[in-house]
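K.L.:
Okay, handing you the structure first.
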Amino acid sequence: MLFAIFLMSRNGGNYILLVSLLSSITIAALAILSKFLDRYRIVLQTEQSNLLVGRWINLFTITIGVMLIFQVYEDSLLNWFTVEGYRGLVNSYVEYGSTPLWFRNALAWVAEHANIFMPIQRVFEVSAAICMVILVFRFPIVLLTTGLFAILSFTEFGVTNVWPPTPGKPPAWVFELLLTTLVSLTCGLYYLFDALKYKSWRYWMLGSKVFESISKLDKYLLFILFFILEIIVFSVTPSSKENDIIALHLAALTLIPLFYILILVDIYRQYKKLIINQT
């Protein structure tokens, strides 16, 4: 599903197919790791309403982690995670941004010391992406990432929506990052206040279980989400290379039977559990 979404986004330029493939494989591997970590996570005895909120908070956090994984691969292939590429990126914010002078002076100082700040940001983004997808160290990682998003939102004020920045072009839609910052802040505060309830290092590090059985309402919502995504995937008209078209529709075709097989397996498991309880 994510592979199809990445391809449709057209982010990554000429590297879109490679970025989409690497990101999807990485996320799948991290999902398997997160499932393994569920053996050591705590099962919370809470009300269904609170549990439902927690699940969606987890989904938002994982989504932000997925975004960061894609971004890290894209930035690496576009050479922004090199000293010269990083310096050029920051200098473009200094030249075309509309932030206060003191802030642009700070950015210029960061550009001069790109050999220090580039590896720091790269390591942090990679670490944050992994931790948010597998949901470990939830409240410190999410709150620190919120700070990064807030700085980036402020930095991109006035920067054009084309790359490289060009005078006269309209500015980028700043609410893309502002919304991400707000959602990340909400998740971080939720995890922080939730962690303060428990005096357990295991809970602070791993949190509660992620892959628990979900309610019927959650299943219906997921069913609707997948159905809408299928409609989008089959209605899109790819406008790039032939291999992108094949990859996009292959992802859609494999998604349908896989999703319904999972539904049938879930129904079978519930039926089997009911029979065992009756006997």
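Chain lettering (A, B, ...) mirrors the order of the structure tokens, residue numbering begins at 1 for each chain separately, and ligand numbering begins at 1 in order of display.
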What lies within 12 Å of A:Ala31 using only C-alpha atoms, ignoring chain neighbours under 5 positions off, as a PyMOL selection string?
P.N.:
chain A and resi 24-26+36-38+62+65-66+130-135+210-211
K.L.:
Based on the selection just made, write N, CA and C atoms of those residues as a compact mmCIF listing (two decimals), in the first residue's frame.
P.N.:
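What ended up in result-v3.txt:
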# COMPACT_ATOMS: atom_id res chain seq x y z
N SER A 24 9.63 1.11 1.26
CA SER A 24 8.64 0.08 1.55
C SER A 24 9.28 -1.14 2.21
N ILE A 25 10.43 -1.56 1.70
CA ILE A 25 11.13 -2.71 2.28
C ILE A 25 11.57 -2.40 3.72
N THR A 26 12.09 -1.20 3.94
CA THR A 26 12.52 -0.80 5.29
C THR A 26 11.36 -0.80 6.26
N PHE A 36 7.68 -8.31 16.84
CA PHE A 36 8.50 -9.08 17.77
C PHE A 36 8.57 -8.40 19.13
N LEU A 37 8.71 -7.06 19.14
CA LEU A 37 8.82 -6.32 20.40
C LEU A 37 7.53 -6.37 21.20
N ASP A 38 6.40 -6.70 20.56
CA ASP A 38 5.13 -6.80 21.27
C ASP A 38 5.16 -7.88 22.34
N ILE A 62 3.31 6.43 13.69
CA ILE A 62 3.91 5.56 12.68
C ILE A 62 3.92 6.25 11.32
N GLY A 65 6.73 8.60 11.15
CA GLY A 65 7.95 7.83 10.97
C GLY A 65 8.12 7.36 9.54
N VAL A 66 7.03 6.92 8.91
CA VAL A 66 7.06 6.51 7.50
C VAL A 66 7.49 7.68 6.61
N ILE A 130 13.15 5.36 12.69
CA ILE A 130 13.09 3.97 13.14
C ILE A 130 12.28 3.85 14.43
N CYS A 131 12.57 4.73 15.39
CA CYS A 131 11.88 4.66 16.69
C CYS A 131 10.38 4.93 16.56
N MET A 132 9.99 5.82 15.65
CA MET A 132 8.58 6.15 15.51
C MET A 132 7.81 5.05 14.78
N VAL A 133 8.45 4.35 13.88
CA VAL A 133 7.76 3.26 13.19
C VAL A 133 7.59 2.05 14.11
N ILE A 134 8.63 1.72 14.89
CA ILE A 134 8.52 0.55 15.77
C ILE A 134 8.01 0.95 17.16
N LEU A 135 7.77 2.25 17.38
CA LEU A 135 7.16 2.76 18.61
C LEU A 135 7.95 2.40 19.86
N VAL A 210 1.17 -2.95 20.55
CA VAL A 210 0.74 -2.29 19.32
C VAL A 210 -0.19 -3.19 18.52
N PHE A 211 0.14 -4.47 18.41
CA PHE A 211 -0.60 -5.40 17.56
C PHE A 211 -1.64 -6.18 18.36
K.L.:
With stretch 76-80 of chain A as the partner and 12 Å as the cut-off, tabulate the residues of stretch 118-215 of chain A that qualify, each row holding the nearest pair of atoms and their distance in Å to one decimal, using only C-alpha atoms, sorted by chain and rising number, as CSV.
P.N.:
residue,atom,partner,partner_atom,distance
A:Met118,CA,A:Trp80,CA,8.9
A:Pro119,CA,A:Trp80,CA,11.0
A:Gln121,CA,A:Trp80,CA,11.2
A:Arg122,CA,A:Ser76,CA,9.3
A:Glu125,CA,A:Ser76,CA,11.7
A:Val126,CA,A:Ser76,CA,11.2
A:Trp163,CA,A:Leu78,CA,11.6
K.L.:
Could you dump the residues just selected with N, CA, C and O atoms as a PDB file, in the first residue's frame?
P.N.:
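Written file, out-v7.pdb:
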ATOM      1  N   MET A 118      25.339  18.530   9.514  1.00  0.00           N
ATOM      2  CA  MET A 118      24.765  17.564   8.579  1.00  0.00           C
ATOM      3  C   MET A 118      24.729  16.157   9.167  1.00  0.00           C
ATOM      4  O   MET A 118      23.662  15.525   9.190  1.00  0.00           O
ATOM      5  N   PRO A 119      25.845  15.608   9.680  1.00  0.00           N
ATOM      6  CA  PRO A 119      25.770  14.254  10.252  1.00  0.00           C
ATOM      7  C   PRO A 119      24.874  14.174  11.478  1.00  0.00           C
ATOM      8  O   PRO A 119      24.222  13.149  11.707  1.00  0.00           O
ATOM      9  N   GLN A 121      22.083  15.950  12.059  1.00  0.00           N
ATOM     10  CA  GLN A 121      20.693  15.891  11.605  1.00  0.00           C
ATOM     11  C   GLN A 121      20.387  14.565  10.935  1.00  0.00           C
ATOM     12  O   GLN A 121      19.303  14.001  11.116  1.00  0.00           O
ATOM     13  N   ARG A 122      21.339  14.055  10.187  1.00  0.00           N
ATOM     14  CA  ARG A 122      21.103  12.779   9.500  1.00  0.00           C
ATOM     15  C   ARG A 122      20.913  11.649  10.493  1.00  0.00           C
ATOM     16  O   ARG A 122      19.974  10.848  10.365  1.00  0.00           O
ATOM     17  N   GLU A 125      17.480  12.084  12.264  1.00  0.00           N
ATOM     18  CA  GLU A 125      16.322  11.759  11.433  1.00  0.00           C
ATOM     19  C   GLU A 125      16.200  10.255  11.225  1.00  0.00           C
ATOM     20  O   GLU A 125      15.091   9.711  11.264  1.00  0.00           O
ATOM     21  N   VAL A 126      17.312   9.577  10.997  1.00  0.00           N
ATOM     22  CA  VAL A 126      17.274   8.119  10.827  1.00  0.00           C
ATOM     23  C   VAL A 126      16.813   7.451  12.115  1.00  0.00           C
ATOM     24  O   VAL A 126      15.947   6.564  12.105  1.00  0.00           O
ATOM     25  N   TRP A 163      12.060  23.680  -6.764  1.00  0.00           N
ATOM     26  CA  TRP A 163      13.462  23.486  -6.381  1.00  0.00           C
ATOM     27  C   TRP A 163      14.330  23.350  -7.622  1.00  0.00           C
ATOM     28  O   TRP A 163      13.987  22.598  -8.526  1.00  0.00           O
TER      29      TRP A 163
END
K.L.:
Leaving out A:Thr99 and any residue of its chain fewer than 4 positions from it, which residues lie within 10 Å of it when counting only C-alpha atoms, given as JSON, numbers by chain?
P.N.:
{"A": [93, 94, 103, 104, 154, 155, 156, 157, 158, 159]}
K.L.:
Write out, as an mmCIF file, in the first residue's frame, the residues just selected, with N, CA and C atoms.
P.N.:
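Final output, saved to part_2.cif:
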data_model
loop_
_atom_site.group_PDB
_atom_site.id
_atom_site.type_symbol
_atom_site.label_atom_id
_atom_site.label_comp_id
_atom_site.auth_asym_id
_atom_site.auth_seq_id
_atom_site.Cartn_x
_atom_site.Cartn_y
_atom_site.Cartn_z
ATOM 1 N N TYR A 93 17.732 28.638 2.068
ATOM 2 C CA TYR A 93 16.789 29.160 3.051
ATOM 3 C C TYR A 93 17.200 30.568 3.500
ATOM 4 N N VAL A 94 18.505 30.784 3.602
ATOM 5 C CA VAL A 94 19.000 32.108 3.992
ATOM 6 C C VAL A 94 18.675 33.130 2.910
ATOM 7 N N PHE A 103 17.501 35.097 12.601
ATOM 8 C CA PHE A 103 17.357 33.674 12.332
ATOM 9 C C PHE A 103 18.138 33.281 11.080
ATOM 10 N N ARG A 104 18.110 34.137 10.060
ATOM 11 C CA ARG A 104 18.878 33.833 8.846
ATOM 12 C C ARG A 104 20.374 33.877 9.113
ATOM 13 N N PHE A 154 9.416 27.047 10.478
ATOM 14 C CA PHE A 154 9.805 28.452 10.553
ATOM 15 C C PHE A 154 10.841 28.781 9.487
ATOM 16 N N THR A 155 11.750 27.841 9.237
ATOM 17 C CA THR A 155 12.817 28.063 8.264
ATOM 18 C C THR A 155 12.273 28.246 6.854
ATOM 19 N N GLU A 156 11.218 27.525 6.503
ATOM 20 C CA GLU A 156 10.716 27.518 5.134
ATOM 21 C C GLU A 156 9.726 28.634 4.841
ATOM 22 N N PHE A 157 9.504 29.553 5.773
ATOM 23 C CA PHE A 157 8.633 30.700 5.491
ATOM 24 C C PHE A 157 9.179 31.480 4.302
ATOM 25 N N GLY A 158 8.349 31.623 3.275
ATOM 26 C CA GLY A 158 8.724 32.441 2.126
ATOM 27 C C GLY A 158 9.512 31.729 1.054
ATOM 28 N N VAL A 159 9.982 30.496 1.306
ATOM 29 C CA VAL A 159 10.750 29.755 0.305
ATOM 30 C C VAL A 159 9.806 29.284 -0.789
#
K.L.:
With distances taken over only C-alpha atoms, which residue among A:Ile141, A:Glu176, A:Glu84, A:Phe70 lies nearest A:Asn161?
P.N.:
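For A:Asn161, the nearest of the given residues is A:Glu176.
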K.L.:
In Å to one decimal, how far is atom CA of A:Gln270 from atom CA of A:Leu221?
P.N.:
18.9 Å
K.L.:
Just list as JSON, numbers by chain whatever in stretch 72-229 of chain A DSSP marks as alpha helix (DSSP H).
P.N.:
{"A": [72, 73, 74, 75, 76, 77, 83, 84, 85, 86, 87, 88, 89, 90, 91, 92, 93, 94, 95, 96, 101, 102, 103, 104, 105, 106, 107, 108, 109, 110, 111, 112, 114, 115, 116, 117, 118, 119, 120, 121, 122, 123, 124, 125, 126, 127, 128, 129, 130, 131, 132, 133, 134, 138, 139, 140, 141, 142, 143, 144, 145, 146, 147, 148, 149, 150, 151, 152, 153, 154, 155, 175, 176, 177, 178, 179, 180, 181, 182, 183, 184, 185, 186, 187, 188, 189, 190, 191, 192, 193, 194, 195, 201, 202, 203, 204, 205, 206, 216, 217, 218, 219, 220, 221, 222, 223, 224, 225, 226, 227, 228, 229]}
K.L.:
Return the single residue from A:Arg41, A:Lys272, A:Arg87, A:Arg138 that is closest to A:Asn115, with distances computed using only C-alpha atoms.
P.N.:
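Result for the nearest residue to A:Asn115: A:Arg87.
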K.L.:
Show which residues sit within 9 Å of stretch 183-194 of chain A, as a PyMOL selection string. Count only C-alpha atoms, and ignore same-chain residues fewer than 3 positions away.
P.N.:
chain A and resi 54+57-58+60-61+64+138-147+149+178-180+197-198+207
K.L.:
Can you tell me how far atom CA of A:Leu68 sits from atom CA of A:Ala128, in Å to one decimal?
P.N.:
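Atom-to-atom, atom CA of A:Leu68 and atom CA of A:Ala128 are spaced 7.9 Å apart.
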K.L.:
Atom CA of A:Asn91 and atom CA of A:Val110 are how many Å apart?
P.N.:
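Rounded to one decimal, the two atoms are 9.1 Å apart.
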